[in-house]
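The structure appears below as structure tokens.
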Amino acid sequence: MSEELSLYLHFPFCRSKCIYCDFNSRPLRDGEELNAYLAALAGEVRRQAMPARRVVSIYLGGGTPSLLGAGQLAALLEEVRRSFAVDRAAEITLEANPGTVSGEAARAWADLGVNRVSLGVQAFQDRLLALLGRAHGVREVASSVEALRRAGIANLNLDLIYQLPGQSLEDWRESLRRAVVLAPEHLSAYPLQVEKGTPLAALVRRGLGLPSEEEGLRMEQELVETARRAGLERYEIANFARPGCQCRHNRRYWERLDYLGLGAGAHSCIGERRFWNVRSPDVYTRRAAAGKSPRGGGERLSPGTRRSEVAILGLRLTEGLSLAAFRERCGMELEQAFPGVTRRLGAVGLAVCRDGRLRLSRRGLSLANRAFVEFLP
Ligand code: SF4
């Protein structure tokens with residue numbers, strides 16, 4: 001088992017709910033609710049303490065953790081540093097939304113050791129942001145980035161979404177242009193997913209149109225080319241970074257290394273064990289107040305599931321899946337675990353096996369799910 005560990009801390013509150021969102025988040029009711037949740041989270045941090053494990057990354061995700069006050073964030077991080085051996089060089093990421101980043105807040109985050117901020121920009125057209133139910137406008141993006149840079153945040157990710165309803169290829173080009181002008185070290189861009197049960201899904205059922213698959217592929221092509229021209233190298237299907245600025249925390253997920261998730265609905269994977277907390281922030285907080293565990297469930301991964309995860313997550317990285325690493329981690333050759341897979345994927349142009357690695361091709365990165373079905377347990 002690796003001595004290194006990543007920590008994920010979940011903050012399940014936002015200003016309002018975006019229409020496409022099926023993350024574990026909802027609008028915050030009041031300060032009392034927030035304090036009760038933070039007390040529960042601090043309690044879980046203490047109970048899960050692993051002082052022997054070296055924490056190399058911390059990710060504060062949500063939700064909108066940038067809604068936390070500086071004092072609340074300081075108390076939470078202090079609790080984490082008391083309970084875990086946080087590496088001095090640990091990557092500490094805070095997810096933030098434009099409109100929640102003041103100069104004062106950004107300085108406080110930097111003082112507390114936050115060294116990476118992931119900003120949920122999504123689009124550079126106010127009409128698209130309004131349609132998505134985002135609680136910010138385009139104007140707040142540049143002011144947020146300026147505040148973060150002034151505070152000394154040197155590792156900035158911008159999140160974008162494409163294939164939005166009513167988004168033209170020209171809109172997307174404009175979003176990409178304006179994103180790279182802000183000179184982020186990292187860019188994440190995902191096609192919009194219509195998740196069951198969201199207001200977006202209801203609108204699509206009632207006839208809201210979305211760009212076609214073909215238009216989506218053109219948008220993806222624009223993304224890859226714009227990122228490359230801006231010096232952002234594609235290192236994962238949807239993630240691009242300047243040299244030395246890949247997200248360490250997310251890389252550890254894709255490399256299937258240990259992570260501990262704390263907070264409502266947070267998932268963990270330690271060795272062969274996977275476990276998760278109850279999803280509802282109310283139930284999470286109530287259980288903590290009653291001195292009960294927030295654990296919602298858990299399982300021991302079967303060898304087949306593990307092989308499948310190691311292969312699929314590894315293939316998400318553009319450097320590909322190392323055949324030697326697969327053998328070492330799963331106790332057998334990839335070809336033995338998934339007979340004929342390399343030949344089949346090669347024959348349809350989805351992957352290439354070379355220099356001891358199986359890599360998705362350019363086409364395979366666009367159609368990754370077609371390749372991944374080959375590795376399902
Ligand atoms: S800000 Fe993010 S987490 Fe919050 S509702 Fe919107 S998409 Fe979901």
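Chain labels follow the order of the structure tokens: the first chain is A, the next B, and so on; residue numbering restarts at 1 in every chain, and ligands are counted from 1 in their shown order.
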Problem - Nearby residues, ligand 1, 8 Å, only C-alpha atoms and all ligand atoms, as JSON, numbers by chain - result: {"A": [12, 13, 14, 15, 16, 17, 18, 19, 20, 21, 22, 23, 24, 25, 26, 27, 62, 63, 64, 97, 120, 133, 134, 135]}
With N, CA, C and O atoms retained, write the just-selected residues as a short mmCIF file (atom, residue, chain, number, x, y, z; two decimals), in the first residue's frame.
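As a result, again_9.cif now contains:
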data_model
loop_
_atom_site.label_atom_id
_atom_site.label_comp_id
_atom_site.auth_asym_id
_atom_site.auth_seq_id
_atom_site.Cartn_x
_atom_site.Cartn_y
_atom_site.Cartn_z
N PRO A 12 -20.91 20.74 0.25
CA PRO A 12 -22.07 20.47 -0.63
C PRO A 12 -22.99 21.65 -0.88
O PRO A 12 -24.16 21.44 -1.22
N PHE A 13 -22.51 22.88 -0.69
CA PHE A 13 -23.42 24.02 -0.82
C PHE A 13 -22.98 24.95 -1.96
O PHE A 13 -21.79 25.11 -2.23
N CYS A 14 -23.99 25.59 -2.56
CA CYS A 14 -23.76 26.56 -3.63
C CYS A 14 -24.69 27.74 -3.40
O CYS A 14 -25.59 27.68 -2.56
N ARG A 15 -24.50 28.78 -4.21
CA ARG A 15 -25.43 29.91 -4.12
C ARG A 15 -26.80 29.51 -4.66
O ARG A 15 -27.83 29.87 -4.13
N SER A 16 -26.79 28.79 -5.79
CA SER A 16 -28.03 28.30 -6.39
C SER A 16 -27.67 27.04 -7.16
O SER A 16 -26.50 26.69 -7.25
N LYS A 17 -28.68 26.36 -7.68
CA LYS A 17 -28.40 25.09 -8.36
C LYS A 17 -28.43 25.28 -9.88
O LYS A 17 -29.44 25.75 -10.44
N CYS A 18 -27.36 24.91 -10.55
CA CYS A 18 -27.31 24.99 -12.01
C CYS A 18 -28.20 23.89 -12.60
O CYS A 18 -28.32 22.81 -12.02
N ILE A 19 -28.79 24.14 -13.77
CA ILE A 19 -29.83 23.23 -14.26
C ILE A 19 -29.29 21.86 -14.70
O ILE A 19 -30.03 20.91 -14.80
N TYR A 20 -27.98 21.79 -14.97
CA TYR A 20 -27.43 20.52 -15.47
C TYR A 20 -26.77 19.70 -14.36
O TYR A 20 -26.31 18.59 -14.59
N CYS A 21 -26.73 20.27 -13.15
CA CYS A 21 -25.85 19.71 -12.12
C CYS A 21 -26.47 18.53 -11.39
O CYS A 21 -27.57 18.65 -10.85
N ASP A 22 -25.77 17.42 -11.37
CA ASP A 22 -26.21 16.33 -10.50
C ASP A 22 -25.14 15.99 -9.45
O ASP A 22 -25.11 14.92 -8.88
N PHE A 23 -24.24 16.97 -9.22
CA PHE A 23 -23.28 16.79 -8.12
C PHE A 23 -24.03 16.86 -6.80
O PHE A 23 -25.17 17.34 -6.73
N ASN A 24 -23.38 16.43 -5.77
CA ASN A 24 -24.00 16.46 -4.44
C ASN A 24 -23.90 17.89 -3.90
O ASN A 24 -22.99 18.21 -3.13
N SER A 25 -24.83 18.74 -4.33
CA SER A 25 -24.78 20.14 -3.91
C SER A 25 -26.19 20.72 -3.93
O SER A 25 -27.04 20.28 -4.70
N ARG A 26 -26.40 21.70 -3.10
CA ARG A 26 -27.67 22.42 -3.12
C ARG A 26 -27.46 23.80 -2.51
O ARG A 26 -26.44 24.03 -1.84
N PRO A 27 -28.42 24.72 -2.72
CA PRO A 27 -28.25 26.06 -2.15
C PRO A 27 -28.15 26.00 -0.63
O PRO A 27 -28.85 25.22 0.03
N GLY A 62 -16.76 20.65 -4.50
CA GLY A 62 -18.16 20.83 -4.09
C GLY A 62 -19.12 20.58 -5.22
O GLY A 62 -18.84 19.80 -6.12
N GLY A 63 -20.26 21.36 -5.15
CA GLY A 63 -20.44 22.55 -4.36
C GLY A 63 -19.50 23.72 -4.72
O GLY A 63 -18.82 23.72 -5.71
N THR A 64 -19.57 24.68 -3.87
CA THR A 64 -18.75 25.88 -4.05
C THR A 64 -17.99 26.18 -2.77
O THR A 64 -18.42 27.00 -1.95
N ASN A 97 -16.03 29.62 -7.72
CA ASN A 97 -16.83 30.13 -8.83
C ASN A 97 -16.61 31.62 -8.97
O ASN A 97 -16.46 32.33 -7.96
N GLY A 120 -14.69 27.74 -11.94
CA GLY A 120 -15.78 27.23 -12.78
C GLY A 120 -16.33 28.29 -13.71
O GLY A 120 -17.34 28.91 -13.43
N GLY A 133 -28.17 28.47 -15.59
CA GLY A 133 -28.49 28.76 -14.19
C GLY A 133 -27.26 29.07 -13.36
O GLY A 133 -27.28 28.94 -12.13
N ARG A 134 -26.16 29.47 -14.02
CA ARG A 134 -24.94 29.82 -13.27
C ARG A 134 -25.19 31.11 -12.49
O ARG A 134 -25.88 32.00 -12.97
N ALA A 135 -24.58 31.20 -11.31
CA ALA A 135 -24.84 32.35 -10.44
C ALA A 135 -23.84 33.48 -10.68
O ALA A 135 -23.60 34.30 -9.81
#
Problem - DSSP-assigned strand (DSSP E) members of stretch 111-307 of chain A, reported as an NGL selection string - result: :A and (116-122 or 156-162 or 186-191 or 233-236 or 239-241 or 259-262 or 267-270 or 273-277 or 295-300)
Write a file of the selected residues as a CSV table (one decimal), in the first residue's frame, keeping N, CA and C atoms.
chain,number,residue,atom,x,y,z
A,116,ARG,N,-3.5,26.1,-5.6
A,116,ARG,CA,-4.1,25.9,-6.9
A,116,ARG,C,-5.6,26.2,-6.8
A,117,VAL,N,-6.1,26.9,-7.7
A,117,VAL,CA,-7.5,27.2,-7.7
A,117,VAL,C,-8.2,26.8,-9.0
A,118,SER,N,-9.3,26.1,-8.9
A,118,SER,CA,-10.0,25.6,-10.1
A,118,SER,C,-11.3,26.5,-10.2
A,119,LEU,N,-11.3,27.3,-11.3
A,119,LEU,CA,-12.4,28.3,-11.4
A,119,LEU,C,-13.4,27.8,-12.4
A,120,GLY,N,-14.7,27.7,-11.9
A,120,GLY,CA,-15.8,27.2,-12.8
A,120,GLY,C,-16.3,28.3,-13.7
A,121,VAL,N,-15.6,28.5,-14.8
A,121,VAL,CA,-16.0,29.5,-15.8
A,121,VAL,C,-17.2,29.1,-16.7
A,122,GLN,N,-17.0,27.9,-17.2
A,122,GLN,CA,-18.0,27.2,-18.1
A,122,GLN,C,-18.2,27.8,-19.5
A,156,LEU,N,-3.5,27.9,-11.9
A,156,LEU,CA,-4.9,28.2,-12.0
A,156,LEU,C,-5.5,27.3,-13.1
A,157,ASN,N,-6.6,26.7,-12.7
A,157,ASN,CA,-7.4,25.9,-13.7
A,157,ASN,C,-8.7,26.6,-14.1
A,158,LEU,N,-9.0,26.6,-15.4
A,158,LEU,CA,-10.3,27.1,-15.8
A,158,LEU,C,-11.1,25.9,-16.3
A,159,ASP,N,-12.4,25.8,-15.8
A,159,ASP,CA,-13.3,24.8,-16.2
A,159,ASP,C,-14.2,25.3,-17.3
A,160,LEU,N,-14.3,24.6,-18.4
A,160,LEU,CA,-15.3,25.0,-19.5
A,160,LEU,C,-16.2,23.8,-19.8
A,161,ILE,N,-17.4,24.1,-20.4
A,161,ILE,CA,-18.3,23.1,-20.8
A,161,ILE,C,-18.6,23.4,-22.3
A,162,TYR,N,-18.7,22.4,-23.1
A,162,TYR,CA,-19.1,22.6,-24.5
A,162,TYR,C,-20.3,21.6,-24.9
A,186,HIS,N,-3.8,25.5,-16.5
A,186,HIS,CA,-4.5,24.2,-16.7
A,186,HIS,C,-5.9,24.6,-17.2
A,187,LEU,N,-6.4,23.7,-18.1
A,187,LEU,CA,-7.7,23.8,-18.6
A,187,LEU,C,-8.4,22.5,-18.6
A,188,SER,N,-9.7,22.5,-18.1
A,188,SER,CA,-10.5,21.3,-18.1
A,188,SER,C,-11.7,21.6,-18.9
A,189,ALA,N,-12.0,20.8,-19.9
A,189,ALA,CA,-13.2,21.1,-20.7
A,189,ALA,C,-13.9,19.8,-21.0
A,190,TYR,N,-15.2,19.7,-20.6
A,190,TYR,CA,-16.0,18.5,-20.8
A,190,TYR,C,-17.2,18.8,-21.7
A,191,PRO,N,-17.7,17.9,-22.5
A,191,PRO,CA,-19.0,18.1,-23.1
A,191,PRO,C,-20.1,18.0,-22.1
A,233,GLU,N,-0.7,21.2,-22.9
A,233,GLU,CA,-0.6,19.9,-23.5
A,233,GLU,C,-1.8,19.0,-23.0
A,234,ARG,N,-2.4,18.3,-23.9
A,234,ARG,CA,-3.4,17.3,-23.4
A,234,ARG,C,-2.8,16.2,-22.7
A,235,TYR,N,-3.1,16.0,-21.5
A,235,TYR,CA,-2.6,14.8,-20.7
A,235,TYR,C,-3.6,13.8,-20.3
A,236,GLU,N,-4.9,14.2,-20.4
A,236,GLU,CA,-6.0,13.3,-20.1
A,236,GLU,C,-7.1,13.7,-21.1
A,239,ASN,N,-8.4,17.1,-20.1
A,239,ASN,CA,-7.5,18.0,-19.3
A,239,ASN,C,-6.2,18.3,-20.0
A,240,PHE,N,-5.9,19.6,-19.9
A,240,PHE,CA,-4.7,20.2,-20.6
A,240,PHE,C,-3.9,21.0,-19.6
A,241,ALA,N,-2.6,20.9,-19.7
A,241,ALA,CA,-1.8,21.7,-18.8
A,241,ALA,C,-0.4,22.1,-19.4
A,259,TYR,N,-6.9,7.4,-2.1
A,259,TYR,CA,-7.5,8.7,-1.7
A,259,TYR,C,-8.6,8.5,-0.7
A,260,LEU,N,-8.7,9.5,0.2
A,260,LEU,CA,-9.7,9.4,1.3
A,260,LEU,C,-10.6,10.6,1.1
A,261,GLY,N,-11.9,10.3,1.0
A,261,GLY,CA,-12.9,11.4,0.8
A,261,GLY,C,-13.6,11.7,2.1
A,262,LEU,N,-13.7,12.9,2.5
A,262,LEU,CA,-14.4,13.3,3.7
A,262,LEU,C,-15.5,14.3,3.4
A,267,HIS,N,-16.4,9.8,-1.6
A,267,HIS,CA,-16.0,8.4,-1.8
A,267,HIS,C,-14.5,8.3,-1.5
A,268,SER,N,-14.1,7.1,-1.1
A,268,SER,CA,-12.7,6.8,-0.8
A,268,SER,C,-12.3,5.5,-1.4
A,269,CYS,N,-11.0,5.4,-1.7
A,269,CYS,CA,-10.5,4.1,-2.2
A,269,CYS,C,-9.1,3.9,-1.6
A,270,ILE,N,-9.0,2.9,-0.7
A,270,ILE,CA,-7.8,2.7,0.0
A,270,ILE,C,-7.4,1.2,-0.2
A,273,ARG,N,-10.1,-1.5,-0.8
A,273,ARG,CA,-11.4,-1.2,-0.1
A,273,ARG,C,-11.9,0.1,-0.7
A,274,ARG,N,-13.2,0.1,-1.0
A,274,ARG,CA,-13.9,1.4,-1.5
A,274,ARG,C,-15.0,1.6,-0.5
A,275,PHE,N,-15.2,2.8,-0.1
A,275,PHE,CA,-16.3,3.1,0.8
A,275,PHE,C,-16.7,4.6,0.6
A,276,TRP,N,-17.9,4.9,1.1
A,276,TRP,CA,-18.5,6.2,0.8
A,276,TRP,C,-19.4,6.6,2.0
A,277,ASN,N,-19.6,7.9,2.0
A,277,ASN,CA,-20.5,8.5,3.1
A,277,ASN,C,-21.9,8.7,2.5
A,295,ARG,N,-20.7,6.8,7.4
A,295,ARG,CA,-20.5,5.8,6.4
A,295,ARG,C,-21.8,5.4,5.7
A,296,GLY,N,-21.9,5.5,4.4
A,296,GLY,CA,-23.1,5.0,3.7
A,296,GLY,C,-23.0,3.6,3.2
A,297,GLY,N,-21.8,3.2,2.9
A,297,GLY,CA,-21.6,1.8,2.4
A,297,GLY,C,-20.1,1.6,2.1
A,298,GLY,N,-19.8,0.4,1.6
A,298,GLY,CA,-18.5,0.1,1.3
A,298,GLY,C,-18.4,-1.3,0.6
A,299,GLU,N,-17.3,-1.6,0.0
A,299,GLU,CA,-17.1,-2.9,-0.7
A,299,GLU,C,-15.6,-3.2,-0.8
A,300,ARG,N,-15.3,-4.5,-0.9
A,300,ARG,CA,-13.9,-4.9,-1.3
A,300,ARG,C,-13.9,-5.1,-2.8
Exercise for the section: Pick out the residues sitting within 10 Å of A:Val348, and hand them over as a ChimeraX atom specification; count only C-alpha atoms, and ignore anything fewer than 3 positions along from it in its own chain. Expected result: /A:343-345,351,363-364,371
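Atom CA of A:Glu33 is found 13.3 Å from atom CA of A:Ala264.
Checking A:Leu365, A:Ala70, A:Leu321, A:Ala106 one by one against A:Ala151, counting only C-alpha atoms, you find the shortest gap at A:Ala106.
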Compile a residue-level contact table for stretch 203-263 of chain A against stretch 75-94 of chain A at a cut-off of 10 Å, reporting for every qualifying residue the shortest atom pair and its distance in Å to one decimal, with only C-alpha atoms counted, rows ordered by chain and ascending number, as a tab-separated table.
residue	atom	partner	partner_atom	distance
A:Cys247	CA	A:Glu91	CA	8.3
A:Arg248	CA	A:Glu91	CA	6.9
A:His249	CA	A:Glu91	CA	7.3
Handout entry: Point-to-point distance in Å for atom CA of A:Arg286 and atom CA of A:Asp30
Key =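 Computed distance, atom CA of A:Asp30 to atom CA of A:Arg286, equals 16.0 Å.
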Handout entry: For A:Arg139: contacts at 12 Å, only C-alpha atoms, fewer than 6 positions along chain excluded, given as a PyMOL selection string
Key = chain A and resi 98-99+121+123-126+129+145-146+178
Problem - Backbone DSSP call of alpha helix (DSSP H) for stretch 132-350 of chain A, listed as a PyMOL selection string - result: chain A and resi 132+139-150+169-181+199-205+213-229+248-254+281-289+303-316+323-330+334-337+341-347
